[in-house]
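Below is one structure, written out as structure tokens, with a few remarks after it.
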Amino acid sequence: MANERMRDYWSAVGAQGWVEHKQIFDAELAPFADAVLAAVETVPGDHLLDVGCGTGALLDLAAGAGVTGVGVDISPAMVEAAARAVPSARFVAADAQTARVEELGRFTGIVSRFGVMFFDDPVAAFANLRGAVEPGGRLAFVAWRGLAENPMFTLGTSVLLDRLPPPLPLPVDGAPGPLGLSDPDRIRQVLAAAGWEGIRVEPFDAPCIYGAGDSDGVEERLEMILGTSAGGAAREALQPALGDEGWAELLDDVRTELRRHLMDGRLRFNGATWLVTARNA
């Protein structure tokens with residue numbers, strides 16, 4: 001079954017942290033959502049398909065500009081959270097690689113904020129998605145660049161993972177997952193093979209900022225880390241072994257590491273992505 005591993009992951013532990021910490025994720029990733037909607041060049045009355053919609057951030061922003069849409073995500077928990085957050089849009093739990101997405105409507109464009117890197121067969125997925133877009137319709141998405149450029153995947157988390165026996169593996173460039181489209185040449189090849197035209201792959205960097213008001217963002221980042229699968233695995237393995245006091249000391253080590261990255265009193269670091277646009281013939 002296509003994407004079975006991702007379906008299992010995002011139907012269980014993968015979605016929990018994203019739903020619980022929706023506000024933290026949406027604030028941190030706000031520049032990338034804005035960039036995607038600007039790149040797809042929406043006008044009032046447009047109808048978008050949001051792929052890997054998560055908890056609905058893109059369609060929430062789009063609604064404010066008079067744009068309607070449908071969100072599709074492999075995770076039922078994500079879809080349920082999105083429907084609660086954005087009642088003006090429709091959300092469907094489905095695998096965008098294989099679902100009959102054309103039955104969801106006819107769309108002027110497709111957008112995604114870090115939702116299209118997980119396909120087992122990206123050529124099949126992007127070809128399937130293209131079938132739901134009007135002639136001349138636009139595609140715009142952001143995907144993470146390599147692991148070395150993105151502290152997103154290691155900052156603070158590495159303090160926990162280094163204590164696990166053996167350490168959990170980090171995401172792999174090119175494998176289905178958050179770094180599945182980290183190679184710009186592969187992105188071009190995939191989209192061209194799927195029938196998209198006018199393909200542009202450009203670097204887009206923006207700050208990922210945590211905290212608001214008087215908060216320096218350290219606690220928000222720590223909450224997010226513990227809400228991921230890696231953080232959950234670390235808690236499950238290490239808290240019983242270390243005891244409550246030892247676990248608390250380890251979390252203080254994470255806080256210390258995070259505070260080394262404060263800038264102007266706020267935790268922030270660069271997010272390195274590819275901003276990708278294309279059009280249907």
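In the structure tokens, chains take the letters A, B, ... in the order shown, each chain's residues start at 1, and ligands count up from 1 in the order shown.
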
* Could you name the residues that touch region 172-179 of chain A at 6 Å or less, counting only C-alpha atoms, but leaving out those on the same chain fewer than 5 positions away, as a list in words? ->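 Here the qualifying residues turn out to be Met117, Phe118, Phe119 and Trp144 of chain A.
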
Residue selection dump (N, CA, C and O atoms) as a PDB file, in the first residue's frame:
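This is the output file part_22.pdb:
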ATOM      1  N   MET A 117       6.743  16.135   1.015  1.00  0.00           N
ATOM      2  CA  MET A 117       8.056  15.478   0.992  1.00  0.00           C
ATOM      3  C   MET A 117       7.989  14.012   1.407  1.00  0.00           C
ATOM      4  O   MET A 117       9.003  13.339   1.467  1.00  0.00           O
ATOM      5  N   PHE A 118       6.781  13.514   1.672  1.00  0.00           N
ATOM      6  CA  PHE A 118       6.625  12.218   2.325  1.00  0.00           C
ATOM      7  C   PHE A 118       6.178  11.101   1.380  1.00  0.00           C
ATOM      8  O   PHE A 118       5.976   9.975   1.821  1.00  0.00           O
ATOM      9  N   PHE A 119       5.990  11.401   0.109  1.00  0.00           N
ATOM     10  CA  PHE A 119       5.441  10.409  -0.822  1.00  0.00           C
ATOM     11  C   PHE A 119       6.438   9.291  -1.118  1.00  0.00           C
ATOM     12  O   PHE A 119       7.629   9.539  -1.356  1.00  0.00           O
ATOM     13  N   TRP A 144      12.009  21.533   2.953  1.00  0.00           N
ATOM     14  CA  TRP A 144      13.264  21.793   3.641  1.00  0.00           C
ATOM     15  C   TRP A 144      14.466  21.454   2.777  1.00  0.00           C
ATOM     16  O   TRP A 144      14.448  20.471   2.027  1.00  0.00           O
TER      17      TRP A 144
END

* Run DSSP on the backbone and grab whatever in region 111-178 of chain A lands in strand (DSSP E); send it over as a ChimeraX atom specification. => /A:111-113,133-144

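Closest approach to Ser88 (chain A) among A:Gly17, A:Gly56, A:Pro240, A:Gly156: A:Gly56, based on only C-alpha atoms.
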
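Across the model, the gap from CA of Thr55 (chain A) to CA of Ala77 (chain A) is 8.8 Å.
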
* List the neighbours of Thr277 (chain A) out to 10 Å using only C-alpha atoms; skip same-chain residues closer than 2 positions along the sequence, and give me the result as a list in words. => Val36, Ala39, Val40, Ile110, Val111, Arg138, Leu139, Ala140, Phe141, Val142, Leu191, Trp196, Glu197, Gly198, Ile199, Arg200, Val201, Glu202, Trp274, Leu275 and Arg279 of chain A

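Contact shell of Gly66 (chain A) at 9 Å (only C-alpha atoms; same-chain neighbours under 3 positions omitted): Val43, Pro44, Gly45, Asp46, Ala62 and Ala63 of chain A.
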
* One decimal, Å: what's the distance from CA of Asn128 (chain A) over to CA of Val51 (chain A), could you say? =>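 Atom-to-atom, CA of Asn128 (chain A) to CA of Val51 (chain A), that is 11.7 Å.
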
* Interatomic distance between CA of Gly227 (chain A) and CA of Ala96 (chain A)? ->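 The value is 25.2 Å.
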
* To do: Compare A:Leu59, A:Val190, A:Val116, A:Val72 by their minimum atom-to-atom distance to Leu104 (chain A), counting only C-alpha atoms, and give me the closest one.
  =>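 Selected residue with least distance to Leu104 (chain A): A:Val72.
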
* What's the 10 Å shell around Ala83 (chain A), counting only C-alpha atoms, without same-chain residues fewer than 4 positions away, as a ChimeraX atom specification? -> /A:55-56,71,78-79,87-92

Restricting the output to all heavy atoms, write the selected residues as a JSON list (two decimals), in the first residue's frame.
[["chain", "number", "residue", "atom", "x", "y", "z"],
["A", 55, "THR", "N", -2.85, 21.12, 10.33],
["A", 55, "THR", "CA", -3.94, 21.67, 11.12],
["A", 55, "THR", "C", -4.59, 22.88, 10.49],
["A", 55, "THR", "O", -5.32, 23.61, 11.15],
["A", 55, "THR", "CB", -3.44, 22.02, 12.54],
["A", 55, "THR", "OG1", -2.31, 22.90, 12.44],
["A", 55, "THR", "CG2", -3.04, 20.76, 13.30],
["A", 56, "GLY", "N", -4.33, 23.12, 9.19],
["A", 56, "GLY", "CA", -5.12, 24.08, 8.43],
["A", 56, "GLY", "C", -4.59, 25.49, 8.32],
["A", 56, "GLY", "O", -5.32, 26.40, 7.90],
["A", 71, "GLY", "N", -8.51, 21.02, 2.10],
["A", 71, "GLY", "CA", -7.27, 20.49, 2.63],
["A", 71, "GLY", "C", -7.31, 18.98, 2.66],
["A", 71, "GLY", "O", -8.33, 18.39, 3.03],
["A", 78, "MET", "N", -5.05, 15.14, 12.20],
["A", 78, "MET", "CA", -4.74, 16.47, 11.67],
["A", 78, "MET", "C", -5.97, 17.08, 11.02],
["A", 78, "MET", "O", -6.28, 18.27, 11.20],
["A", 78, "MET", "CB", -3.61, 16.38, 10.65],
["A", 78, "MET", "CG", -2.27, 16.01, 11.23],
["A", 78, "MET", "SD", -1.44, 17.42, 11.97],
["A", 78, "MET", "CE", 0.26, 17.02, 11.57],
["A", 79, "VAL", "N", -6.66, 16.29, 10.23],
["A", 79, "VAL", "CA", -7.86, 16.77, 9.53],
["A", 79, "VAL", "C", -8.92, 17.22, 10.53],
["A", 79, "VAL", "O", -9.57, 18.26, 10.33],
["A", 79, "VAL", "CB", -8.38, 15.67, 8.58],
["A", 79, "VAL", "CG1", -9.80, 15.97, 8.12],
["A", 79, "VAL", "CG2", -7.45, 15.54, 7.38],
["A", 87, "PRO", "N", -13.38, 26.43, 10.02],
["A", 87, "PRO", "CA", -14.68, 25.90, 9.61],
["A", 87, "PRO", "C", -15.11, 26.35, 8.22],
["A", 87, "PRO", "O", -16.01, 25.74, 7.63],
["A", 87, "PRO", "CB", -15.63, 26.43, 10.69],
["A", 87, "PRO", "CG", -14.94, 27.60, 11.29],
["A", 87, "PRO", "CD", -13.49, 27.29, 11.22],
["A", 88, "SER", "N", -14.46, 27.38, 7.67],
["A", 88, "SER", "CA", -14.84, 27.87, 6.34],
["A", 88, "SER", "C", -14.32, 26.98, 5.22],
["A", 88, "SER", "O", -14.74, 27.11, 4.06],
["A", 88, "SER", "CB", -14.31, 29.29, 6.13],
["A", 88, "SER", "OG", -12.89, 29.32, 6.20],
["A", 89, "ALA", "N", -13.38, 26.06, 5.52],
["A", 89, "ALA", "CA", -12.80, 25.19, 4.50],
["A", 89, "ALA", "C", -13.26, 23.76, 4.72],
["A", 89, "ALA", "O", -13.80, 23.40, 5.76],
["A", 89, "ALA", "CB", -11.28, 25.28, 4.54],
["A", 90, "ARG", "N", -13.01, 22.93, 3.72],
["A", 90, "ARG", "CA", -13.32, 21.51, 3.79],
["A", 90, "ARG", "C", -12.02, 20.74, 3.94],
["A", 90, "ARG", "O", -11.02, 21.06, 3.28],
["A", 90, "ARG", "CB", -14.05, 21.07, 2.52],
["A", 90, "ARG", "CG", -14.38, 19.58, 2.46],
["A", 90, "ARG", "CD", -14.94, 19.22, 1.09],
["A", 90, "ARG", "NE", -15.14, 17.79, 0.95],
["A", 90, "ARG", "CZ", -15.25, 17.16, -0.22],
["A", 90, "ARG", "NH1", -15.18, 17.85, -1.35],
["A", 90, "ARG", "NH2", -15.43, 15.84, -0.27],
["A", 91, "PHE", "N", -12.02, 19.72, 4.78],
["A", 91, "PHE", "CA", -10.82, 18.93, 5.01],
["A", 91, "PHE", "C", -11.14, 17.45, 4.87],
["A", 91, "PHE", "O", -12.18, 16.99, 5.35],
["A", 91, "PHE", "CB", -10.23, 19.23, 6.39],
["A", 91, "PHE", "CG", -9.76, 20.65, 6.53],
["A", 91, "PHE", "CD1", -10.59, 21.63, 7.05],
["A", 91, "PHE", "CD2", -8.50, 21.02, 6.10],
["A", 91, "PHE", "CE1", -10.18, 22.94, 7.16],
["A", 91, "PHE", "CE2", -8.06, 22.33, 6.21],
["A", 91, "PHE", "CZ", -8.90, 23.29, 6.74],
["A", 92, "VAL", "N", -10.22, 16.73, 4.22],
["A", 92, "VAL", "CA", -10.44, 15.32, 3.89],
["A", 92, "VAL", "C", -9.22, 14.52, 4.30],
["A", 92, "VAL", "O", -8.08, 14.89, 3.98],
["A", 92, "VAL", "CB", -10.70, 15.15, 2.38],
["A", 92, "VAL", "CG1", -10.89, 13.67, 2.04],
["A", 92, "VAL", "CG2", -11.91, 15.97, 1.94]]

* Measuring atom to atom with only C-alpha atoms, identify which of A:Pro207, A:Gly213, A:Gly137, A:Pro171 is nearest to Glu28 (chain A). =>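 Distance minimum relative to Glu28 (chain A) lands on A:Pro207.
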
* To do: Could you please write out, as a PyMOL selection string, every residue of region 17-175 of chain A that DSSP assigns to alpha helix (DSSP H)?
  => chain A and resi 17-20+22-28+30-39+57-63+76-85+122-130+157-161

* Can you tell me, as a ChimeraX atom specification, what residues are no more than 10 Å from Thr228 (chain A) when counting only C-alpha atoms, ignoring any on the same chain fewer than 4 positions away? -> /A:13-18,21,157,223-224,232-234
